[in-house]
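K.L.:
See query18.pdb below, with PDB, C-alpha atoms.
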```
ATOM      1  CA  MET V  31      54.933  15.898  35.397
ATOM      2  CA  PRO V  32      55.938  19.153  33.698
ATOM      3  CA  THR V  33      58.634  21.397  35.101
ATOM      4  CA  THR V  34      56.997  24.281  36.896
ATOM      5  CA  LYS V  35      58.197  27.741  35.974
ATOM      6  CA  LYS V  36      58.547  30.665  38.324
ATOM      7  CA  ARG V  37      55.241  32.405  38.974
ATOM      8  CA  ARG V  38      55.205  35.969  37.634
ATOM      9  CA  SER V  39      51.709  37.101  38.591
ATOM     10  CA  PHE V  40      52.848  40.186  40.515
ATOM     11  CA  GLU V  41      55.558  41.336  38.111
ATOM     12  CA  ALA V  42      55.081  44.284  35.746
ATOM     13  CA  GLY V  43      53.003  43.295  32.729
ATOM     14  CA  HIS V  44      51.508  40.266  34.474
ATOM     15  CA  ALA V  45      48.323  39.616  36.455
ATOM     16  CA  ARG V  46      47.475  37.009  39.068
ATOM     17  CA  LYS V  47      45.187  34.333  37.673
ATOM     18  CA  PHE V  48      42.760  32.130  39.560
ATOM     19  CA  LEU V  49      42.292  28.797  37.795
ATOM     20  CA  LEU V  50      38.905  27.077  37.896
ATOM     21  CA  VAL V  51      38.352  23.635  36.369
ATOM     22  CA  VAL V  52      34.898  23.713  34.811
ATOM     23  CA  ASP V  53      32.551  20.776  34.500
ATOM     24  CA  GLU V  54      28.861  20.195  35.089
ATOM     25  CA  SER V  55      29.121  19.453  38.812
ATOM     26  CA  GLN V  56      27.205  21.500  41.396
ATOM     27  CA  GLU V  57      30.320  22.419  43.366
ATOM     28  CA  VAL V  58      31.811  24.385  40.470
ATOM     29  CA  GLU V  59      29.495  27.276  41.376
ATOM     30  CA  SER V  60      30.952  27.543  44.884
ATOM     31  CA  ALA V  61      34.472  27.683  43.475
ATOM     32  CA  LEU V  62      33.369  30.165  40.780
ATOM     33  CA  PHE V  63      31.857  32.622  43.251
ATOM     34  CA  TYR V  64      34.784  32.290  45.653
ATOM     35  CA  ALA V  65      37.349  32.977  42.917
ATOM     36  CA  ALA V  66      35.320  35.906  41.550
ATOM     37  CA  SER V  67      34.997  37.419  45.004
ATOM     38  CA  ARG V  68      38.753  37.098  45.606
ATOM     39  CA  ILE V  69      39.412  38.750  42.244
ATOM     40  CA  LEU V  70      37.008  41.569  43.043
ATOM     41  CA  ARG V  71      38.749  42.212  46.386
ATOM     42  CA  SER V  72      42.349  41.778  45.287
ATOM     43  CA  SER V  73      42.359  41.992  41.467
ATOM     44  CA  GLY V  74      43.206  39.285  38.994
ATOM     45  CA  ILE V  75      41.803  37.215  36.164
ATOM     46  CA  LEU V  76      39.574  34.154  36.260
ATOM     47  CA  VAL V  77      40.764  31.322  34.026
ATOM     48  CA  MET V  78      38.101  28.709  33.301
ATOM     49  CA  LEU V  79      39.497  25.405  32.031
ATOM     50  CA  TYR V  80      37.379  22.698  30.431
ATOM     51  CA  VAL V  81      39.153  19.433  29.614
ATOM     52  CA  ILE V  82      37.809  17.155  26.894
ATOM     53  CA  GLU V  83      38.679  13.576  27.762
ATOM     54  CA  PRO V  84      38.471  11.225  24.768
ATOM     55  CA  GLN V  85      35.872   8.491  24.778
ATOM     56  CA  GLU V  86      37.110   4.903  24.884
ATOM     57  CA  PHE V  87      35.851   3.759  21.498
ATOM     58  CA  GLN V  88      37.100   6.066  18.769
ATOM     59  CA  HIS V  89      37.886   3.729  15.914
ATOM     60  CA  TRP V  90      37.206   6.308  13.228
ATOM     61  CA  VAL V  91      38.570   9.799  12.854
ATOM     62  CA  GLY V  92      35.087  11.113  12.090
ATOM     63  CA  VAL V  93      33.723   9.832  15.408
ATOM     64  CA  ARG V  94      36.565  11.517  17.270
ATOM     65  CA  GLN V  95      35.999  14.803  15.420
ATOM     66  CA  VAL V  96      32.264  14.760  16.198
ATOM     67  CA  GLN V  97      33.009  14.148  19.883
ATOM     68  CA  LEU V  98      35.497  17.046  19.938
ATOM     69  CA  GLU V  99      32.966  19.390  18.336
ATOM     70  CA  GLU V 100      30.199  18.324  20.734
ATOM     71  CA  GLU V 101      32.437  18.683  23.791
ATOM     72  CA  THR V 102      33.751  22.058  22.615
ATOM     73  CA  ASN V 103      30.165  23.274  22.176
ATOM     74  CA  ARG V 104      29.315  21.930  25.641
ATOM     75  CA  ALA V 105      32.309  23.797  27.087
ATOM     76  CA  ARG V 106      31.326  27.066  25.406
ATOM     77  CA  ALA V 107      27.736  26.716  26.668
ATOM     78  CA  LEU V 108      29.020  26.049  30.183
ATOM     79  CA  PHE V 109      31.292  29.103  29.985
ATOM     80  CA  ARG V 110      28.300  31.243  28.925
ATOM     81  CA  LEU V 111      26.194  29.862  31.773
ATOM     82  CA  LEU V 112      28.893  30.561  34.360
ATOM     83  CA  ARG V 113      29.421  34.090  33.020
ATOM     84  CA  ARG V 114      25.651  34.691  33.331
ATOM     85  CA  LYS V 115      25.766  33.449  36.925
ATOM     86  CA  LEU V 116      28.629  35.860  37.643
ATOM     87  CA  HIS V 117      26.667  38.690  36.040
ATOM     88  CA  ASN V 118      23.531  37.848  38.050
ATOM     89  CA  VAL V 119      25.352  38.321  41.364
ATOM     90  CA  GLY V 120      27.193  41.507  40.361
ATOM     91  CA  PHE V 121      30.502  40.114  39.083
ATOM     92  CA  GLU V 122      30.031  41.252  35.482
ATOM     93  CA  ASN V 123      33.363  43.118  35.393
ATOM     94  CA  ILE V 124      35.531  40.137  36.318
ATOM     95  CA  PRO V 125      38.014  39.463  33.496
ATOM     96  CA  VAL V 126      37.674  35.874  32.281
ATOM     97  CA  GLU V 127      39.785  33.642  30.046
ATOM     98  CA  GLU V 128      38.166  30.500  28.660
ATOM     99  CA  ILE V 129      40.361  27.538  27.759
ATOM    100  CA  VAL V 130      39.283  24.245  26.207
ATOM    101  CA  ARG V 131      41.910  21.505  26.086
ATOM    102  CA  GLU V 132      41.898  17.913  24.988
ATOM    103  CA  GLY V 133      43.703  15.282  27.028
ATOM    104  CA  ASN V 134      43.478  11.855  28.576
ATOM    105  CA  ASN V 135      43.620  13.171  32.125
ATOM    106  CA  LYS V 136      42.309  16.381  33.747
ATOM    107  CA  VAL V 137      45.156  16.538  36.243
ATOM    108  CA  ASP V 138      47.791  16.281  33.499
ATOM    109  CA  GLU V 139      46.137  19.024  31.440
ATOM    110  CA  LEU V 140      45.797  21.168  34.537
ATOM    111  CA  LEU V 141      49.500  20.780  35.307
ATOM    112  CA  HIS V 142      50.480  21.512  31.702
ATOM    113  CA  LEU V 143      48.420  24.712  31.733
ATOM    114  CA  ILE V 144      49.958  25.837  35.035
ATOM    115  CA  ASP V 145      53.405  25.179  33.597
ATOM    116  CA  GLU V 146      52.627  27.116  30.408
ATOM    117  CA  ASP V 147      51.051  30.171  32.072
ATOM    118  CA  GLU V 148      53.346  31.787  34.637
ATOM    119  CA  ASP V 149      50.524  34.029  35.871
ATOM    120  CA  ILE V 150      48.345  31.216  37.218
ATOM    121  CA  ALA V 151      48.820  31.528  40.960
ATOM    122  CA  ILE V 152      45.883  29.774  42.638
ATOM    123  CA  LEU V 153      43.741  26.755  41.778
ATOM    124  CA  VAL V 154      40.203  27.020  43.151
ATOM    125  CA  LEU V 155      38.162  23.824  43.425
ATOM    126  CA  GLY V 156      34.716  23.139  44.816
ATOM    127  CA  ALA V 157      34.286  20.122  47.081
ATOM    128  CA  SER V 158      31.251  17.940  46.527
ATOM    129  CA  THR V 159      28.790  17.433  49.346
ATOM    130  CA  ASP V 160      28.213  13.858  48.179
ATOM    131  CA  ALA V 161      28.691  11.142  50.802
ATOM    132  CA  LYS V 162      31.075   9.370  48.400
ATOM    133  CA  GLY V 163      33.678  12.082  48.906
ATOM    134  CA  PRO V 164      34.735  15.543  47.759
ATOM    135  CA  GLY V 165      34.977  14.585  44.088
ATOM    136  CA  PRO V 166      37.661  12.928  41.977
ATOM    137  CA  LEU V 167      39.687  16.045  41.218
ATOM    138  CA  VAL V 168      39.757  17.268  44.824
ATOM    139  CA  SER V 169      40.594  13.753  46.033
ATOM    140  CA  SER V 170      43.439  13.285  43.592
ATOM    141  CA  LEU V 171      44.985  16.733  44.143
ATOM    142  CA  ALA V 172      44.442  17.372  47.843
ATOM    143  CA  GLY V 173      45.248  13.882  49.041
ATOM    144  CA  GLY V 174      48.254  11.678  48.683
ATOM    145  CA  HIS V 175      51.632  12.715  47.337
ATOM    146  CA  ALA V 176      50.277  15.330  44.916
ATOM    147  CA  ALA V 177      49.317  17.803  47.645
ATOM    148  CA  GLY V 178      52.860  18.269  48.909
ATOM    149  CA  SER V 179      54.395  18.823  45.494
ATOM    150  CA  PHE V 180      51.672  20.746  43.673
ATOM    151  CA  PRO V 181      53.163  23.832  41.982
ATOM    152  CA  ILE V 182      50.627  26.411  43.259
ATOM    153  CA  PRO V 183      48.300  26.764  46.265
ATOM    154  CA  ILE V 184      44.954  24.972  46.054
ATOM    155  CA  THR V 185      41.855  26.512  47.617
ATOM    156  CA  ILE V 186      39.042  24.041  48.221
ATOM    157  CA  VAL V 187      35.641  25.617  48.694
ATOM    158  CA  PRO V 188      32.988  23.516  50.469
ATOM    159  CA  GLY V 189      30.114  22.877  48.090
ATOM    160  CA  ASN V 190      27.469  23.442  50.759
ATOM    161  CA  LEU V 191      28.295  27.116  51.424
ATOM    162  CA  ALA V 192      25.633  29.664  50.593
ATOM    163  CA  LEU V 193      26.596  32.556  48.326
ATOM    164  CA  GLU V 194      26.551  35.056  51.200
ATOM    165  CA  ASP V 195      28.926  32.802  53.190
ATOM    166  CA  ILE V 196      31.277  32.547  50.229
ATOM    167  CA  LEU V 197      31.291  36.327  49.803
ATOM    168  CA  THR V 198      32.006  36.800  53.502
ATOM    169  CA  LEU V 199      34.901  34.344  53.480
ATOM    170  CA  ALA V 200      36.522  35.441  50.236
TER     171      ALA V 200
END
```
Can the structure in the file be given as structure tokens, please?

P.N.:
Amino acid sequence: MPTTKKRRSFEAGHARKFLLVVDESQEVESALFYAASRILRSSGILVMLYVIEPQEFQHWVGVRQVQLEEETNRARALFRLLRRKLHNVGFENIPVEEIVREGNNKVDELLHLIDEDEDIAILVLGASTDAKGPGPLVSSLAGGHAAGSFPIPITIVPGNLALEDILTLA
């Protein structure tokens, strides 16, 4: 686990950043709207992170490169879609950073990014409404030993909240 640096989000020349891990799950929207609403009310920047996890069988460099290009294109399309959703509900002026990283594990890449960017102050995750549980990322971060030693606060937004509820709560 990386060494976590001091957070500087409220110092001169810095801005508080809300980190959102982006994938194609339904609950990402809840987290997106919550983070955007918090930014609108209290200022800040939305950081959208997409992690490319390598496929198991990558015997040739060409196969790996094709997968990276496809996943990067998927990430960019997802970023565009989420920006459109923000625009459609009146959050078009929210500053957004888009980050695509490659790594074997989302949690590790998430921790590395938090360690590298001293302005990231809050991780916002959406919890799945699936009967199987809140989702792998929420389960791994909010439960067990990770929750007590995580370097920044984690906000978990229930995936079943309507937009108007999210706006009221944020």

K.L.:
Rounded to one decimal place, report the CA of Tyr64 in chain V-CA of Leu116 in chain V distance in Å.

P.N.:
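Distance reported for this atom pair: 10.7 Å.
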
K.L.:
Could you list the residues chosen by the PyMOL selection byres ((chain V and resi 144-152) around 6) in this structure as an MDAnalysis selection string?

P.N.:
chainID V and resid 34:35 37:39 46:48 141:143 153 182:184

K.L.:
Would you write out, as a PDB file with C-alpha atoms, in the frame of the given file, every residue that the PyMOL selection byres ((chain V and resi 130) around 7) captures in this file?

P.N.:
```
ATOM      1  CA  LEU V  79      39.497  25.405  32.031  1.00  0.00           C
ATOM      2  CA  TYR V  80      37.379  22.698  30.431  1.00  0.00           C
ATOM      3  CA  VAL V  81      39.153  19.433  29.614  1.00  0.00           C
ATOM      4  CA  THR V 102      33.751  22.058  22.615  1.00  0.00           C
ATOM      5  CA  GLU V 128      38.166  30.500  28.660  1.00  0.00           C
ATOM      6  CA  ILE V 129      40.361  27.538  27.759  1.00  0.00           C
ATOM      7  CA  ARG V 131      41.910  21.505  26.086  1.00  0.00           C
ATOM      8  CA  GLU V 132      41.898  17.913  24.988  1.00  0.00           C
TER       9      GLU V 132
END
```

K.L.:
Env of Gly156 in chain V: 7 Å cut, atoms = all atoms listed in the file, seq-sep filter 6 positions within chain, self excluded. Answer as a list in words.

P.N.:
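Everything that qualifies: Glu57, Val58, Ser60, Ala61, Ile186, Val187, Pro188 and Gly189 of chain V.
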
K.L.:
Determine the nearest neighbour of Gly74 in chain V from the options V:Val96, V:Leu155, V:Leu108, V:Leu49, counting all atoms listed in the file.

P.N.:
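For Gly74 in chain V, the nearest of the given residues is V:Leu49.
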
K.L.:
What is the distance, in Å and to one decimal place, between CA of Gly165 in chain V and CA of Thr198 in chain V?

P.N.:
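Separation between CA of Gly165 in chain V and CA of Thr198 in chain V: 24.3 Å.
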
K.L.:
Which one is closest to Phe121 in chain V: V:Ala45, V:Leu167, V:Ala200, V:Ile69? Count all atoms listed in the file.

P.N.:
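Smallest distance to Phe121 in chain V is found for V:Ile69.
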
K.L.:
Could you tell me how far CA of Val168 in chain V sits from CA of Gly133 in chain V, in Å to one decimal place?

P.N.:
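Calculated distance between CA of Gly133 in chain V and CA of Val168 in chain V is 18.3 Å.
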